[in-house]
$ cat run-v2.csv   # CSV, C-alpha atoms and all ligand atoms
chain,number,residue,atom,x,y,z
I,572,MET,CA,-4.3,-38.3,5.0
I,573,ILE,CA,-7.4,-36.2,4.5
I,574,LEU,CA,-5.2,-33.1,4.0
I,575,LYS,CA,-3.1,-34.8,1.4
I,576,GLU,CA,-6.1,-35.9,-0.6
I,577,LYS,CA,-7.4,-32.3,-0.4
I,578,GLU,CA,-4.1,-31.0,-1.8
I,579,LEU,CA,-4.2,-33.4,-4.6
I,580,PHE,CA,-7.7,-32.5,-5.4
I,581,GLU,CA,-6.8,-28.9,-5.5
I,582,GLN,CA,-4.1,-29.5,-8.0
I,583,VAL,CA,-6.3,-31.5,-10.3
I,584,ASP,CA,-8.9,-28.8,-9.9
I,585,PHE,CA,-6.5,-26.1,-11.0
I,586,GLU,CA,-7.5,-24.2,-14.1
I,587,LEU,CA,-5.3,-21.8,-16.1
I,588,ASN,CA,-6.9,-18.3,-16.1
I,589,GLU,CA,-5.8,-16.2,-19.1
I,590,LEU,CA,-6.6,-12.9,-17.4
I,591,TYR,CA,-4.7,-13.7,-14.3
I,592,GLU,CA,-1.8,-15.0,-16.3
I,593,THR,CA,-1.7,-11.7,-18.2
I,594,ILE,CA,-1.7,-9.8,-14.9
I,595,ILE,CA,1.1,-11.9,-13.6
I,596,ASP,CA,3.2,-11.4,-16.8
I,597,ASP,CA,2.6,-7.7,-16.8
I,598,ILE,CA,3.6,-7.3,-13.2
I,599,ALA,CA,6.8,-9.4,-13.7
I,600,GLN,CA,7.7,-7.3,-16.8
I,601,GLN,CA,6.7,-3.8,-15.8
I,602,LYS,CA,5.6,-3.9,-12.2
I,603,TYR,CA,2.0,-3.0,-13.0
I,604,SER,CA,-1.0,-4.2,-14.9
I,605,ILE,CA,-4.1,-2.5,-16.2
I,606,VAL,CA,-7.3,-4.5,-16.6
I,607,ASP,CA,-10.1,-2.7,-18.3
I,608,THR,CA,-13.1,-4.9,-17.5
I,609,PHE,CA,-12.2,-6.4,-14.1
I,610,PHE,CA,-15.7,-5.4,-13.1
I,611,ASN,CA,-18.6,-5.4,-15.6
I,612,PRO,CA,-20.9,-2.4,-15.9
I,613,ALA,CA,-23.6,-3.9,-13.7
I,614,GLU,CA,-21.1,-4.6,-10.9
I,615,VAL,CA,-19.7,-1.1,-11.3
I,616,ASP,CA,-23.2,0.4,-10.9
I,617,LEU,CA,-23.9,-1.7,-7.8
I,618,LEU,CA,-20.6,-0.8,-6.2
I,619,ARG,CA,-21.0,2.9,-7.1
I,620,SER,CA,-24.5,2.9,-5.6
I,621,THR,CA,-23.1,1.3,-2.4
I,622,LEU,CA,-20.4,3.9,-2.2
I,623,ILE,CA,-22.8,6.8,-2.8
I,624,ALA,CA,-25.2,5.5,-0.2
I,625,LYS,CA,-22.5,5.2,2.5
I,626,HIS,CA,-21.2,8.6,1.6
I,627,LYS,CA,-24.7,10.0,2.1
I,628,GLU,CA,-24.8,8.4,5.5
I,629,ASP,CA,-21.8,10.5,6.3
I,630,ALA,CA,-19.7,7.4,6.9
I,631,PHE,CA,-16.6,8.7,5.0
I,632,LYS,CA,-13.9,10.6,6.7
I,633,LYS,CA,-11.0,12.8,5.5
I,634,ALA,CA,-8.2,10.5,4.4
I,635,ALA,CA,-5.0,10.7,6.4
I,636,ILE,CA,-1.4,9.9,5.7
I,637,GLY,CA,0.4,7.5,7.9
I,638,ASN,CA,-1.1,4.1,8.8
I,639,ARG,CA,-4.4,3.3,10.3
I,640,THR,CA,-3.2,3.8,13.9
I,641,ASN,CA,-0.9,6.7,13.2
I,642,GLU,CA,-2.9,9.1,11.1
I,643,LEU,CA,-2.1,12.6,10.0
I,644,ILE,CA,-4.4,14.7,7.9
I,645,GLU,CA,-2.5,16.7,5.4
I,646,LYS,CA,-4.6,18.4,2.8
I,647,SER,CA,-1.6,19.5,0.8
I,648,VAL,CA,-0.8,15.8,0.2
I,649,ARG,CA,-4.2,14.2,-0.4
I,650,GLY,CA,-7.7,15.5,-0.5
I,651,ASP,CA,-9.8,12.4,-0.7
I,652,PHE,CA,-12.4,11.0,1.7
I,653,ILE,CA,-12.3,7.3,2.5
I,654,LEU,CA,-14.2,4.5,4.2
I,655,TRP,CA,-12.6,1.2,5.1
I,656,MET,CA,-14.5,-1.8,3.8
I,657,ASN,CA,-15.4,-4.7,6.1
I,658,GLU,CA,-15.6,-8.1,4.4
I,659,ALA,CA,-17.3,-9.6,7.4
I,660,THR,CA,-20.3,-7.3,7.1
I,661,ALA,CA,-20.2,-7.0,3.3
I,662,GLU,CA,-23.3,-5.9,1.4
I,663,PRO,CA,-24.2,-7.8,-1.8
I,664,ALA,CA,-22.1,-5.6,-4.1
I,665,GLU,CA,-19.2,-5.8,-1.7
I,666,SER,CA,-19.5,-9.6,-1.6
I,667,ILE,CA,-19.1,-9.7,-5.4
I,668,PHE,CA,-16.1,-7.4,-5.0
I,669,PHE,CA,-14.4,-9.6,-2.4
I,670,GLU,CA,-15.2,-12.8,-4.3
I,671,LYS,CA,-13.3,-11.4,-7.3
I,672,VAL,CA,-10.4,-10.2,-5.3
I,673,ASN,CA,-10.1,-13.4,-3.3
I,674,ASP,CA,-10.2,-15.4,-6.5
I,675,LEU,CA,-7.2,-13.4,-7.8
I,676,VAL,CA,-5.4,-13.6,-4.5
I,677,GLN,CA,-5.8,-17.4,-4.4
I,678,TYR,CA,-4.5,-17.7,-7.9
I,679,LEU,CA,-1.4,-15.5,-7.2
I,680,ASN,CA,-0.6,-17.5,-4.1
I,681,ARG,CA,-1.0,-20.8,-5.9
I,682,THR,CA,0.9,-20.0,-9.0
I,683,CYS,CA,3.5,-17.4,-7.8
I,684,PHE,CA,3.8,-18.2,-4.1
I,685,MET,CA,3.1,-14.6,-3.4
I,686,GLY,CA,2.2,-15.3,0.3
I,687,ILE,CA,-0.6,-12.9,0.4
I,688,LEU,CA,-2.3,-13.4,3.8
I,689,HIS,CA,-4.0,-10.1,4.4
I,690,LYS,CA,-5.8,-7.4,2.5
I,691,GLU,CA,-7.3,-4.1,3.2
I,692,PHE,CA,-9.6,-2.0,1.0
I,693,HIS,CA,-11.3,1.4,1.3
I,694,TYR,CA,-13.7,3.4,-0.8
I,695,ALA,CA,-12.4,6.7,-1.9
I,696,LEU,CA,-14.1,9.8,-3.0
I,697,TYR,CA,-12.1,12.7,-4.4
I,698,PRO,CA,-14.2,15.9,-4.5
I,699,GLU,CA,-13.7,18.5,-7.2
I,700,GLY,CA,-10.3,20.2,-6.9
I,701,THR,CA,-8.6,17.4,-4.8
I,702,PHE,CA,-5.6,15.3,-5.7
I,703,TYR,CA,-3.1,12.9,-4.1
I,704,LYS,CA,0.5,14.1,-4.5
I,705,ARG,CA,3.2,11.7,-5.7
I,706,HIS,CA,4.0,9.0,-3.2
I,707,LEU,CA,4.9,5.4,-2.6
I,708,ASP,CA,2.2,3.3,-0.9
I,709,THR,CA,4.7,2.0,1.7
I,710,PHE,CA,5.4,5.4,3.1
I,711,GLN,CA,2.5,4.5,5.3
I,712,ASN,CA,5.1,2.5,7.2
I,713,ASP,CA,3.6,-0.7,6.1
I,714,GLY,CA,6.3,-2.9,4.6
I,715,ARG,CA,3.7,-5.7,4.3
I,716,ARG,CA,2.0,-4.0,1.4
I,717,LYS,CA,3.0,-6.0,-1.6
I,718,LEU,CA,0.5,-5.1,-4.3
I,719,SER,CA,-1.7,-2.0,-4.6
I,720,MET,CA,-5.1,-2.3,-6.3
I,721,VAL,CA,-7.3,0.5,-7.5
I,722,CYS,CA,-10.8,-0.1,-9.0
I,723,TYR,CA,-12.6,2.8,-10.6
I,724,LEU,CA,-16.3,3.3,-10.1
I,725,ASN,CA,-16.9,6.5,-12.1
I,726,ASN,CA,-19.8,6.9,-14.6
I,727,GLU,CA,-19.8,5.5,-18.1
I,728,ASP,CA,-19.5,9.0,-19.5
I,729,TRP,CA,-16.2,9.8,-17.8
I,730,THR,CA,-14.0,12.0,-20.0
I,731,PRO,CA,-10.3,13.0,-19.9
I,732,GLU,CA,-11.4,16.6,-19.1
I,733,ASN,CA,-12.6,15.3,-15.8
I,734,GLY,CA,-9.0,15.0,-14.7
I,735,GLY,CA,-8.0,12.7,-11.9
I,736,GLU,CA,-5.8,10.5,-13.9
I,737,LEU,CA,-3.5,8.2,-12.0
I,738,SER,CA,0.1,8.8,-13.1
I,739,ILE,CA,2.5,6.0,-12.5
I,740,TYR,CA,6.2,6.8,-12.7
I,741,THR,CA,8.3,4.1,-14.3
I,742,ASN,CA,12.0,3.8,-14.8
I,743,ASN,CA,13.0,2.9,-18.3
I,744,ASN,CA,16.8,2.3,-18.2
I,745,GLY,CA,17.4,5.1,-15.8
I,746,LYS,CA,14.9,7.4,-17.7
I,747,GLU,CA,11.8,8.3,-15.8
I,748,GLU,CA,8.5,8.0,-17.6
I,749,GLU,CA,5.1,9.1,-16.6
I,750,LEU,CA,2.2,6.8,-17.5
I,751,LYS,CA,-1.2,8.4,-17.4
I,752,ILE,CA,-4.1,6.1,-16.6
I,753,TYR,CA,-7.7,7.4,-16.8
I,754,PRO,CA,-10.0,6.2,-14.0
I,755,LEU,CA,-12.5,4.5,-16.3
I,756,PRO,CA,-15.4,2.6,-14.8
I,757,GLY,CA,-14.6,-1.1,-14.4
I,758,ARG,CA,-10.9,-0.6,-14.8
I,759,MET,CA,-8.6,-2.1,-12.2
I,760,VAL,CA,-4.9,-1.1,-11.9
I,761,ILE,CA,-2.6,-3.3,-9.9
I,762,PHE,CA,1.0,-2.5,-9.1
I,763,GLU,CA,4.0,-3.2,-6.8
I,764,SER,CA,3.4,-1.1,-3.7
I,765,GLN,CA,7.1,-0.9,-2.8
I,766,GLU,CA,8.4,-0.1,-6.2
I,767,LEU,CA,6.2,2.4,-8.1
I,768,GLU,CA,5.7,6.0,-7.2
I,769,HIS,CA,2.4,7.4,-8.4
I,770,GLU,CA,-0.1,10.3,-8.0
I,771,VAL,CA,-3.7,11.3,-8.6
I,772,LYS,CA,-3.9,14.5,-10.6
I,773,THR,CA,-6.4,17.2,-9.7
I,774,VAL,CA,-10.0,16.1,-10.3
I,775,ARG,CA,-12.6,18.3,-12.0
I,776,VAL,CA,-15.7,16.2,-11.0
I,777,PRO,CA,-16.0,13.9,-8.0
I,778,ARG,CA,-14.0,10.7,-8.6
I,779,LEU,CA,-15.0,7.4,-7.1
I,780,SER,CA,-12.9,4.3,-6.5
I,781,ILE,CA,-12.0,1.4,-4.3
I,782,THR,CA,-8.3,1.2,-3.3
I,783,GLY,CA,-6.6,-1.6,-1.4
I,784,TRP,CA,-3.5,-3.5,-0.7
I,785,LEU,CA,-2.6,-7.2,-0.8
I,786,LYS,CA,-0.3,-7.9,2.1
I,787,THR,CA,2.2,-10.4,3.2
I,788,ARG,CA,2.6,-11.5,6.8
I,801,LIG,O1,-7.0,6.4,-6.9
I,801,LIG,C1,-6.0,6.2,-7.4
I,801,LIG,O2,-5.8,6.1,-8.7
I,801,LIG,C2,-4.7,5.9,-6.6
I,801,LIG,C3,-5.0,6.1,-5.1
I,801,LIG,C4,-3.7,6.0,-4.3
I,801,LIG,O3,-2.6,6.2,-4.8
I,801,LIG,C5,-3.8,5.7,-2.9
I,801,LIG,O4,-4.8,5.7,-2.3
I,801,LIG,O5,-2.7,5.3,-2.3
I,802,FE,FE,-1.1,5.3,-3.6
$ encode --input "run-v2.csv" --output "structure tokens" --more "lines below"
Ligand SMILES: O=C(O)CCC(=O)C(=O)O
Ligand SMILES: [Fe+2]
Amino acid sequence: MILKEKELFEQVDFELNELYETIIDDIAQQKYSIVDTFFNPAEVDLLRSTLIAKHKEDAFKKAAIGNRTNELIEKSVRGDFILWMNEATAEPAESIFFEKVNDLVQYLNRTCFMGILHKEFHYALYPEGTFYKRHLDTFQNDGRRKLSMVCYLNNEDWTPENGGELSIYTNNNGKEEELKIYPLPGRMVIFESQELEHEVKTVRVPRLSITGWLKTR
């Protein structure tokens, strides 16, 4: 009885969210969506400071390919350094991050029955000269990865000369197209993990981000 009332209440409580609806439409039509101000400048600053502080503590490690238990470090494939985030011990900036992500996940589950039950996120730092070769995020042997999310934490003065663009390869009626996305601060890119191959072009100045996956059971 109590559960039923709660469900009803949740339905009444439901509010259409324009931004989320755009994301859902984009993904349905083109398998990806780009949101330019998912995080506001103050949030980006806080998250960037948190990333830099943790990096100074030497908490980052060389990113590997393979999944978390079956890692292989391969510099010719990817050159970034990563640190997995822990929601249970989140710092203030990270709590804001997870609040936003959880809100989106809840909306996706309610409106699209996406069945997202798990998520995993890591900070990433690409030092000058590094890249991540073209890949599919499910080559990590994790078929549960449904949506990939990347949030950029670079400085306001980021320019195209800095390199490090994310290239997403799309298929337009059998013709492959390369979509270049600049890692602008506050920008969030979300795409279908099992569908779209992508790569990070060589960076010319350190490139900061949070990358993660929304996963089914
Ligand atoms: O940082 C990006 O733009 C993409 C990163 C990526 O493809 C990955 O970590 O799997
Ligand atoms: Fe990727």
$ closest_residue --input "run-v2.csv" --among "I:Phe669, I:Trp655, I:Phe609, I:Tyr678" --to "ligand LIG 801 (chain I)" --atoms "all atoms listed in the file"
I:Trp655
$ residues_around --input "run-v2.csv" --residues "I:Pro698" --least-positions-apart "5" --cutoff "7 Å" --atoms "all atoms listed in the file" --output "PyMOL selection string"
chain I and resi 651+776-778
$ residues_near_ligand --input "run-v2.csv" --ligand "ligand FE 802 (chain I)" --cutoff "7 Å" --atoms "all atoms listed in the file" --output "NGL selection string"
:I and (706-708 or 769-770)
$ write_last_selection --input "run-v2.csv" --atoms "C-alpha atoms" --output "PDB file, keeping the file's coordinate frame"
ATOM      1  CA  HIS I 706       4.000   9.000  -3.200  1.00  0.00           C
ATOM      2  CA  LEU I 707       4.900   5.400  -2.600  1.00  0.00           C
ATOM      3  CA  ASP I 708       2.200   3.300  -0.900  1.00  0.00           C
ATOM      4  CA  HIS I 769       2.400   7.400  -8.400  1.00  0.00           C
ATOM      5  CA  GLU I 770      -0.100  10.300  -8.000  1.00  0.00           C
TER       6      GLU I 770
END
$ residues_near_ligand --input "run-v2.csv" --ligand "ligand LIG 801 (chain I)" --cutoff "9 Å" --atoms "all atoms listed in the file" --output "PyMOL selection string"
chain I and resi 634+649+651+693+695-697+703-708+719-723+735-738+752-754+760+764+768-772+778-784
$ atom_distance --input "run-v2.csv" --atom1 "atom CA of I:Leu750" --atom2 "atom CA of I:Ile605"
11.3 Å
$ residues_near_point --input "run-v2.csv" --point "(1.7, -2.8, -8.5)" --cutoff "7 Å" --atoms "all atoms listed in the file" --output "ChimeraX atom specification"
/I:598,602-603,718-719,761-764,767
$ residues_around --input "run-v2.csv" --residues "I:Met656" --least-positions-apart "6" --cutoff "8 Å" --atoms "all atoms listed in the file" --output "MDAnalysis selection string"
chainID I and resid 691:694
$ write_last_selection --input "run-v2.csv" --atoms "C-alpha atoms" --output "PDB file, in the frame of the given file"
ATOM      1  CA  GLU I 691      -7.300  -4.100   3.200  1.00  0.00           C
ATOM      2  CA  PHE I 692      -9.600  -2.000   1.000  1.00  0.00           C
ATOM      3  CA  HIS I 693     -11.300   1.400   1.300  1.00  0.00           C
ATOM      4  CA  TYR I 694     -13.700   3.400  -0.800  1.00  0.00           C
TER       5      TYR I 694
END
$ atom_distance --input "run-v2.csv" --atom1 "atom CA of I:Phe702" --atom2 "atom CA of I:Lys671"
27.8 Å
$ atom_distance --input "run-v2.csv" --atom1 "atom CA of I:Gly700" --atom2 "atom CA of I:Gly757"
23.0 Å
$ closest_residue --input "run-v2.csv" --among "I:Val676, I:Glu670, I:Val615, I:Asp629" --to "I:Ile653" --atoms "all atoms listed in the file"
I:Asp629
$ closest_residue --input "run-v2.csv" --among "I:Thr660, I:Glu747, I:Val648, I:Ile667" --to "I:Asn611" --atoms "all atoms listed in the file"
I:Ile667
$ closest_residue --input "run-v2.csv" --among "I:Glu662, I:Thr701, I:Gln601, I:Glu614" --to "I:Glu766" --atoms "all atoms listed in the file"
I:Gln601
$ closest_residue --input "run-v2.csv" --among "I:Ile687, I:Leu654, I:Leu755, I:Leu618" --to "I:Thr730" --atoms "all atoms listed in the file"
I:Leu755
$ residues_around --input "run-v2.csv" --residues "I:Tyr591" --least-positions-apart "5" --cutoff "9 Å" --atoms "only C-alpha atoms" --output "short mmCIF file (atom, residue, chain, number, x, y, z; two decimals) with C-alpha atoms, keeping the file's coordinate frame"
data_model
loop_
_atom_site.label_atom_id
_atom_site.label_comp_id
_atom_site.auth_asym_id
_atom_site.auth_seq_id
_atom_site.Cartn_x
_atom_site.Cartn_y
_atom_site.Cartn_z
CA ASP I 596 3.20 -11.40 -16.80
CA LEU I 675 -7.20 -13.40 -7.80
CA TYR I 678 -4.50 -17.70 -7.90
CA LEU I 679 -1.40 -15.50 -7.20
#
$ closest_residue --input "run-v2.csv" --among "I:Glu749, I:Glu665, I:Glu592, I:Asp597" --to "I:Thr621" --atoms "all atoms listed in the file"
I:Glu665
